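What follows is a set of notes on a single structure, which appears directly below.
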Amino acid sequence: MSKLLTASAVLSLAVASASCGAINPAEGGGSPSVVALVTHSSPGGGSDVFLRTMAPHLSRILHKTIIVENMQGGSGARAMAALAVAKPDGGMFYATTPTFIYTSLMSKPAASYKDLEPLVNMFFDPEVLFTAADSKYPTLQAVLDHAKAGGGKWGAANPASLERQTMERLKQKAGVTPAIATFEGGGDMLINVLNHTLDMGIGELQEMRGQLDAGKLRLLAVVGEERMSHFPQVPTVREQGIDLAVRKFRGLAGPKGTPPDVIAVWESGVRALLEDPEYKKLYTDDNLEAGFIPHAEYVVFMDDFGRQTAEFLKQTGVIK
């Protein structure tokens with residue numbers, strides 16, 4: 001099982017020797033041998049852990065040195081701006097999640113999701129509601145009851161995120177008005193759940209797995225269509241009487257104009273990565289659902305997601 005990582009902002013991973021299933025390094029039009037995978041997440045956050053867990057395995061398959069770079073600021077605005085002006089040679093990619101769509105729609109960043117080239121999708125992962133293992137809230141209903149009494153403070157990763165919007169929708173559907181605190185990354189929010197500053201947080205298993213394995217967190221609900229295979233005892237939000245389910249995607253995007261040969265190499269590499277037994281065990285243990293979407297389809301997927309999200313934000317009065 002992967003553990004919560006507290007690495008420095010940039011972690012270099014050496015290129016491994018040739019192995020079964022590796023992609024020919026001569027392919028890809030002479031693209032750089034060192035590739036930066038950028039995330040807006042702080043160290044320990046969901047995207048940060050996702051990339052750092054994946055990087056050594058992707059490095060082995062692609063025969064490239066993979067570094068992970070944290071570009072915090074503006075809920076993805078800084079990272080998108082950097083990618084938008086990066087050379088489209090396969091040397092830099094951005095970890096895509098719904099956050100960069102929400103940031104693009106809810107603010108006026110220098111560059112938006114439309115200025116990037118969707119590369120491939122890799123996973124869908126469940127969002128879970130959780131609290132500290134020693135908190136006074138044994139169930140989601142107990143958290144909601146406290147909020148109904150006029151109290152409550154919940155946490156979400158950052159202001160422009162699927163998690164924040166999910167918490168807002170949960171408030172609306174449950175008829176409660178707790179304060180919602182936001183953070184630049186899931187790791188920072190996790191600390192505030194553990195020290196009881198927050199009654200409840202929302203996030204992915206990857207970013208909290210270390211604390212879960214140590215028995216320091218209690219899962220309250222899955223904000224998805226189904227229960228999780230590794231935690232079948234945790235009910236969905238719908239099973240607890242609230243009609244709410246969301247699905248989070250994880251993939252990669254690059255600068256506009258990324259060459260077709262580079263895209264093809266990464267499509268092949270990611271396919272091989274998702275079938276790699278060693279890496280498959282890690283992401284299965286983290287309850288990540290492989291959801292490969294190739295480049296051409298990912299472009300359509302991202303356009304559709306952006307349009308649907310804009311319609312939702314307009315309907316709810318978040319944007320005009």
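As shown in the structure tokens, the chain order sets the letters A, B, ...; within each chain, residues go from 1, and ligands are also counted from 1 in the order they appear.
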Restrict the calculation to only C-alpha atoms, then for each residue of region 257-319 of chain A with any atom at most 12 Å from an atom of region 145-164 of chain A give the closest atom pair and their distance in Å to one decimal, rows by chain and rising residue number, as JSON lines.
```
{"residue": "A:Phe305", "atom": "CA", "partner": "A:Leu162", "partner_atom": "CA", "distance": 11.8}
{"residue": "A:Thr309", "atom": "CA", "partner": "A:Leu162", "partner_atom": "CA", "distance": 9.9}
{"residue": "A:Phe312", "atom": "CA", "partner": "A:Leu162", "partner_atom": "CA", "distance": 11.9}
{"residue": "A:Leu313", "atom": "CA", "partner": "A:Ala160", "partner_atom": "CA", "distance": 11.3}
{"residue": "A:Val318", "atom": "CA", "partner": "A:Ala160", "partner_atom": "CA", "distance": 11.0}
```
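Each of A:Lys136, A:Lys173, A:Lys108, A:His57 was compared to Gly74 (chain A) using only C-alpha atoms, and A:Lys108 turns out to be the nearest.
The space separating CA of Ser41 (chain A) from CA of Gly76 (chain A) comes to 8.0 Å.
Restricting the calculation to only C-alpha atoms, the smallest distance between Gly44 (chain A) and any of A:Gln211, A:Gln165, A:Ser268, A:Thr236 is found for A:Gln211.
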What's the 7 Å shell around region 124-133 of chain A, counting only C-alpha atoms, without same-chain residues fewer than 2 positions away, as a PDB file with N, CA, C and O atoms, in the first residue's frame?
```pdb
ATOM      1  N   SER A 135     -12.563  11.620  17.073  1.00  0.00           N
ATOM      2  CA  SER A 135     -13.518  12.725  17.108  1.00  0.00           C
ATOM      3  C   SER A 135     -14.814  12.261  17.773  1.00  0.00           C
ATOM      4  O   SER A 135     -15.065  11.076  17.938  1.00  0.00           O
ATOM      5  N   VAL A 193      -8.104  18.283  10.263  1.00  0.00           N
ATOM      6  CA  VAL A 193      -9.072  17.267  10.696  1.00  0.00           C
ATOM      7  C   VAL A 193      -8.511  16.510  11.887  1.00  0.00           C
ATOM      8  O   VAL A 193      -9.205  16.279  12.887  1.00  0.00           O
ATOM      9  N   LEU A 194      -7.250  16.147  11.811  1.00  0.00           N
ATOM     10  CA  LEU A 194      -6.623  15.374  12.884  1.00  0.00           C
ATOM     11  C   LEU A 194      -6.570  16.151  14.201  1.00  0.00           C
ATOM     12  O   LEU A 194      -6.696  15.551  15.277  1.00  0.00           O
ATOM     13  N   ASP A 199     -14.557  19.457  11.751  1.00  0.00           N
ATOM     14  CA  ASP A 199     -15.384  18.294  12.102  1.00  0.00           C
ATOM     15  C   ASP A 199     -15.236  17.192  11.057  1.00  0.00           C
ATOM     16  O   ASP A 199     -15.291  16.009  11.380  1.00  0.00           O
ATOM     17  N   MET A 200     -15.040  17.606   9.812  1.00  0.00           N
ATOM     18  CA  MET A 200     -15.052  16.648   8.713  1.00  0.00           C
ATOM     19  C   MET A 200     -14.302  17.227   7.527  1.00  0.00           C
ATOM     20  O   MET A 200     -14.312  18.435   7.298  1.00  0.00           O
ATOM     21  N   GLY A 201     -13.653  16.347   6.763  1.00  0.00           N
ATOM     22  CA  GLY A 201     -12.994  16.752   5.536  1.00  0.00           C
ATOM     23  C   GLY A 201     -13.436  15.867   4.392  1.00  0.00           C
ATOM     24  O   GLY A 201     -14.129  14.862   4.590  1.00  0.00           O
ATOM     25  N   ILE A 202     -13.033  16.242   3.190  1.00  0.00           N
ATOM     26  CA  ILE A 202     -13.324  15.440   2.008  1.00  0.00           C
ATOM     27  C   ILE A 202     -12.045  15.288   1.199  1.00  0.00           C
ATOM     28  O   ILE A 202     -11.246  16.220   1.099  1.00  0.00           O
ATOM     29  N   GLY A 203     -11.834  14.099   0.648  1.00  0.00           N
ATOM     30  CA  GLY A 203     -10.620  13.881  -0.129  1.00  0.00           C
ATOM     31  C   GLY A 203     -10.593  12.496  -0.736  1.00  0.00           C
ATOM     32  O   GLY A 203     -11.605  11.796  -0.773  1.00  0.00           O
ATOM     33  N   GLU A 204      -9.388  12.106  -1.198  1.00  0.00           N
ATOM     34  CA  GLU A 204      -9.202  10.789  -1.798  1.00  0.00           C
ATOM     35  C   GLU A 204      -8.368   9.909  -0.873  1.00  0.00           C
ATOM     36  O   GLU A 204      -7.570  10.403  -0.086  1.00  0.00           O
ATOM     37  N   GLY A 215      -4.614   4.151  11.764  1.00  0.00           N
ATOM     38  CA  GLY A 215      -5.793   4.173  12.623  1.00  0.00           C
ATOM     39  C   GLY A 215      -6.150   5.549  13.148  1.00  0.00           C
ATOM     40  O   GLY A 215      -6.854   5.667  14.162  1.00  0.00           O
ATOM     41  N   LYS A 216      -5.702   6.602  12.463  1.00  0.00           N
ATOM     42  CA  LYS A 216      -5.944   7.959  12.956  1.00  0.00           C
ATOM     43  C   LYS A 216      -7.149   8.642  12.305  1.00  0.00           C
ATOM     44  O   LYS A 216      -7.514   9.749  12.698  1.00  0.00           O
ATOM     45  N   LEU A 217      -7.738   7.986  11.302  1.00  0.00           N
ATOM     46  CA  LEU A 217      -8.892   8.568  10.626  1.00  0.00           C
ATOM     47  C   LEU A 217     -10.062   7.597  10.620  1.00  0.00           C
ATOM     48  O   LEU A 217      -9.875   6.383  10.662  1.00  0.00           O
ATOM     49  N   ARG A 218     -11.265   8.160  10.545  1.00  0.00           N
ATOM     50  CA  ARG A 218     -12.493   7.374  10.435  1.00  0.00           C
ATOM     51  C   ARG A 218     -13.220   7.796   9.159  1.00  0.00           C
ATOM     52  O   ARG A 218     -13.497   8.987   8.964  1.00  0.00           O
ATOM     53  N   LEU A 219     -13.497   6.846   8.289  1.00  0.00           N
ATOM     54  CA  LEU A 219     -14.249   7.140   7.074  1.00  0.00           C
ATOM     55  C   LEU A 219     -15.739   7.181   7.407  1.00  0.00           C
ATOM     56  O   LEU A 219     -16.270   6.276   8.039  1.00  0.00           O
ATOM     57  N   LEU A 220     -16.406   8.249   6.932  1.00  0.00           N
ATOM     58  CA  LEU A 220     -17.821   8.448   7.234  1.00  0.00           C
ATOM     59  C   LEU A 220     -18.738   8.077   6.074  1.00  0.00           C
ATOM     60  O   LEU A 220     -19.841   7.588   6.299  1.00  0.00           O
ATOM     61  N   ALA A 221     -18.275   8.313   4.844  1.00  0.00           N
ATOM     62  CA  ALA A 221     -19.139   8.043   3.684  1.00  0.00           C
ATOM     63  C   ALA A 221     -18.344   8.142   2.396  1.00  0.00           C
ATOM     64  O   ALA A 221     -17.327   8.837   2.329  1.00  0.00           O
ATOM     65  N   VAL A 222     -18.838   7.458   1.380  1.00  0.00           N
ATOM     66  CA  VAL A 222     -18.308   7.564   0.024  1.00  0.00           C
ATOM     67  C   VAL A 222     -19.246   8.467  -0.769  1.00  0.00           C
ATOM     68  O   VAL A 222     -20.450   8.224  -0.790  1.00  0.00           O
ATOM     69  N   VAL A 223     -18.689   9.504  -1.396  1.00  0.00           N
ATOM     70  CA  VAL A 223     -19.526  10.397  -2.199  1.00  0.00           C
ATOM     71  C   VAL A 223     -19.490   9.893  -3.648  1.00  0.00           C
ATOM     72  O   VAL A 223     -19.006  10.553  -4.552  1.00  0.00           O
ATOM     73  N   GLY A 224     -19.986   8.700  -3.848  1.00  0.00           N
ATOM     74  CA  GLY A 224     -19.959   8.076  -5.161  1.00  0.00           C
ATOM     75  C   GLY A 224     -21.142   7.153  -5.348  1.00  0.00           C
ATOM     76  O   GLY A 224     -22.012   7.035  -4.474  1.00  0.00           O
ATOM     77  N   ARG A 247     -17.749  12.093  -9.246  1.00  0.00           N
ATOM     78  CA  ARG A 247     -16.693  11.255  -9.798  1.00  0.00           C
ATOM     79  C   ARG A 247     -15.521  12.151 -10.182  1.00  0.00           C
ATOM     80  O   ARG A 247     -15.690  13.110 -10.934  1.00  0.00           O
ATOM     81  N   LYS A 248     -14.346  11.850  -9.662  1.00  0.00           N
ATOM     82  CA  LYS A 248     -13.172  12.676  -9.926  1.00  0.00           C
ATOM     83  C   LYS A 248     -12.251  11.995 -10.923  1.00  0.00           C
ATOM     84  O   LYS A 248     -11.929  10.824 -10.783  1.00  0.00           O
ATOM     85  N   PHE A 249     -11.819  12.754 -11.932  1.00  0.00           N
ATOM     86  CA  PHE A 249     -10.892  12.203 -12.915  1.00  0.00           C
ATOM     87  C   PHE A 249      -9.467  12.646 -12.602  1.00  0.00           C
ATOM     88  O   PHE A 249      -9.239  13.681 -11.976  1.00  0.00           O
ATOM     89  N   ARG A 250      -8.509  11.822 -13.051  1.00  0.00           N
ATOM     90  CA  ARG A 250      -7.092  12.166 -12.935  1.00  0.00           C
ATOM     91  C   ARG A 250      -6.405  11.828 -14.252  1.00  0.00           C
ATOM     92  O   ARG A 250      -6.510  10.701 -14.731  1.00  0.00           O
ATOM     93  N   LEU A 288      -8.109   3.285  -6.454  1.00  0.00           N
ATOM     94  CA  LEU A 288      -8.220   4.041  -7.698  1.00  0.00           C
ATOM     95  C   LEU A 288      -8.793   3.140  -8.785  1.00  0.00           C
ATOM     96  O   LEU A 288      -8.420   1.971  -8.896  1.00  0.00           O
ATOM     97  N   GLU A 289      -9.676   3.689  -9.581  1.00  0.00           N
ATOM     98  CA  GLU A 289     -10.292   2.945 -10.680  1.00  0.00           C
ATOM     99  C   GLU A 289      -9.635   3.355 -11.989  1.00  0.00           C
ATOM    100  O   GLU A 289      -9.702   4.520 -12.395  1.00  0.00           O
ATOM    101  N   ALA A 290      -8.929   2.407 -12.622  1.00  0.00           N
ATOM    102  CA  ALA A 290      -8.302   2.715 -13.906  1.00  0.00           C
ATOM    103  C   ALA A 290      -9.367   3.181 -14.892  1.00  0.00           C
ATOM    104  O   ALA A 290     -10.399   2.533 -15.054  1.00  0.00           O
ATOM    105  N   GLY A 291      -9.105   4.301 -15.530  1.00  0.00           N
ATOM    106  CA  GLY A 291     -10.072   4.855 -16.475  1.00  0.00           C
ATOM    107  C   GLY A 291      -9.356   5.506 -17.641  1.00  0.00           C
ATOM    108  O   GLY A 291      -9.446   6.725 -17.836  1.00  0.00           O
TER     109      GLY A 291
END
```
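For the pair CA of Gly251 (chain A) and CA of Ala95 (chain A), the separation is 5.8 Å.
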Out of region 57-228 of chain A, which residues get strand (DSSP E) from DSSP, as a PyMOL selection string?
chain A and resi 65-70+92-96+116-125+128-132+153-156+179-182+200-203+217-222
Would you mind exporting C-alpha atoms of the selected residues as a compact mmCIF listing (two decimals), in the first residue's frame?
```
# COMPACT_ATOMS: atom_id res chain seq x y z
CA THR A 65 13.70 10.71 -15.65
CA ILE A 66 10.45 11.93 -14.12
CA ILE A 67 10.42 14.83 -11.67
CA VAL A 68 7.39 16.06 -9.74
CA GLU A 69 7.06 19.79 -9.25
CA ASN A 70 4.62 21.52 -6.91
CA MET A 92 6.31 19.19 -19.09
CA PHE A 93 2.82 17.96 -18.28
CA TYR A 94 0.17 18.99 -15.77
CA ALA A 95 -1.83 16.66 -13.51
CA THR A 96 -5.44 17.27 -14.48
CA LEU A 116 -3.79 23.33 -22.51
CA GLU A 117 -3.77 20.13 -24.57
CA PRO A 118 -5.51 17.20 -22.82
CA LEU A 119 -3.15 14.22 -23.10
CA VAL A 120 -4.78 11.14 -21.54
CA ASN A 121 -6.96 10.26 -18.58
CA MET A 122 -5.68 7.64 -16.18
CA PHE A 123 -8.01 7.20 -13.22
CA PHE A 124 -11.31 7.93 -11.62
CA ASP A 125 -11.14 7.98 -7.86
CA VAL A 128 -14.71 10.19 0.78
CA LEU A 129 -15.89 12.10 3.82
CA PHE A 130 -13.77 11.51 6.89
CA THR A 131 -13.04 12.67 10.44
CA ALA A 132 -10.44 11.98 13.11
CA LYS A 153 -16.72 23.48 10.33
CA TRP A 154 -15.87 21.35 7.30
CA GLY A 155 -12.78 21.27 5.11
CA ALA A 156 -12.04 21.03 1.38
CA ALA A 179 -18.42 27.01 7.66
CA ILE A 180 -16.23 25.48 4.95
CA ALA A 181 -12.49 26.09 5.22
CA THR A 182 -10.34 25.65 2.13
CA MET A 200 -15.05 16.65 8.71
CA GLY A 201 -12.99 16.75 5.54
CA ILE A 202 -13.32 15.44 2.01
CA GLY A 203 -10.62 13.88 -0.13
CA LEU A 217 -8.89 8.57 10.63
CA ARG A 218 -12.49 7.37 10.43
CA LEU A 219 -14.25 7.14 7.07
CA LEU A 220 -17.82 8.45 7.23
CA ALA A 221 -19.14 8.04 3.68
CA VAL A 222 -18.31 7.56 0.02
```
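When only C-alpha atoms are used to measure the gap to Asp115 (chain A), the shortest distance among A:Ala81, A:Val49, A:Lys171, A:Gly91 belongs to A:Ala81.
Proximity ranking of A:Met189, A:Leu170, A:Met228, A:Val35 relative to Pro88 (chain A) places A:Val35 first, based on only C-alpha atoms.
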Between CA of Gly185 (chain A) and CA of Ser42 (chain A) - distance in Å to one decimal:
4.9 Å
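Among the candidates A:Leu252, A:Asp286, A:Lys64, A:Glu275, the one nearest to Tyr298 (chain A) when counting only C-alpha atoms is A:Leu252.
The residue that comes closest to Gly73 (chain A), out of A:Gln315, A:His40, A:Val246, A:Asn192 and on the basis of only C-alpha atoms, is A:His40.
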Can you pull out the residues contacting Met80 (chain A)? Cut-off 7 Å, using only C-alpha atoms, and skip same-chain residues under 3 positions away; I want them as a PyMOL selection string.
chain A and resi 76-77+83-84+111-112
Can you tell me, as number ranges by chain, which residues in region 69-238 of chain A count as helix (DSSP H, G or I) by DSSP?
A: 74-84, 98-106, 113-115, 140-148, 162-174, 186-194, 205-213, 238
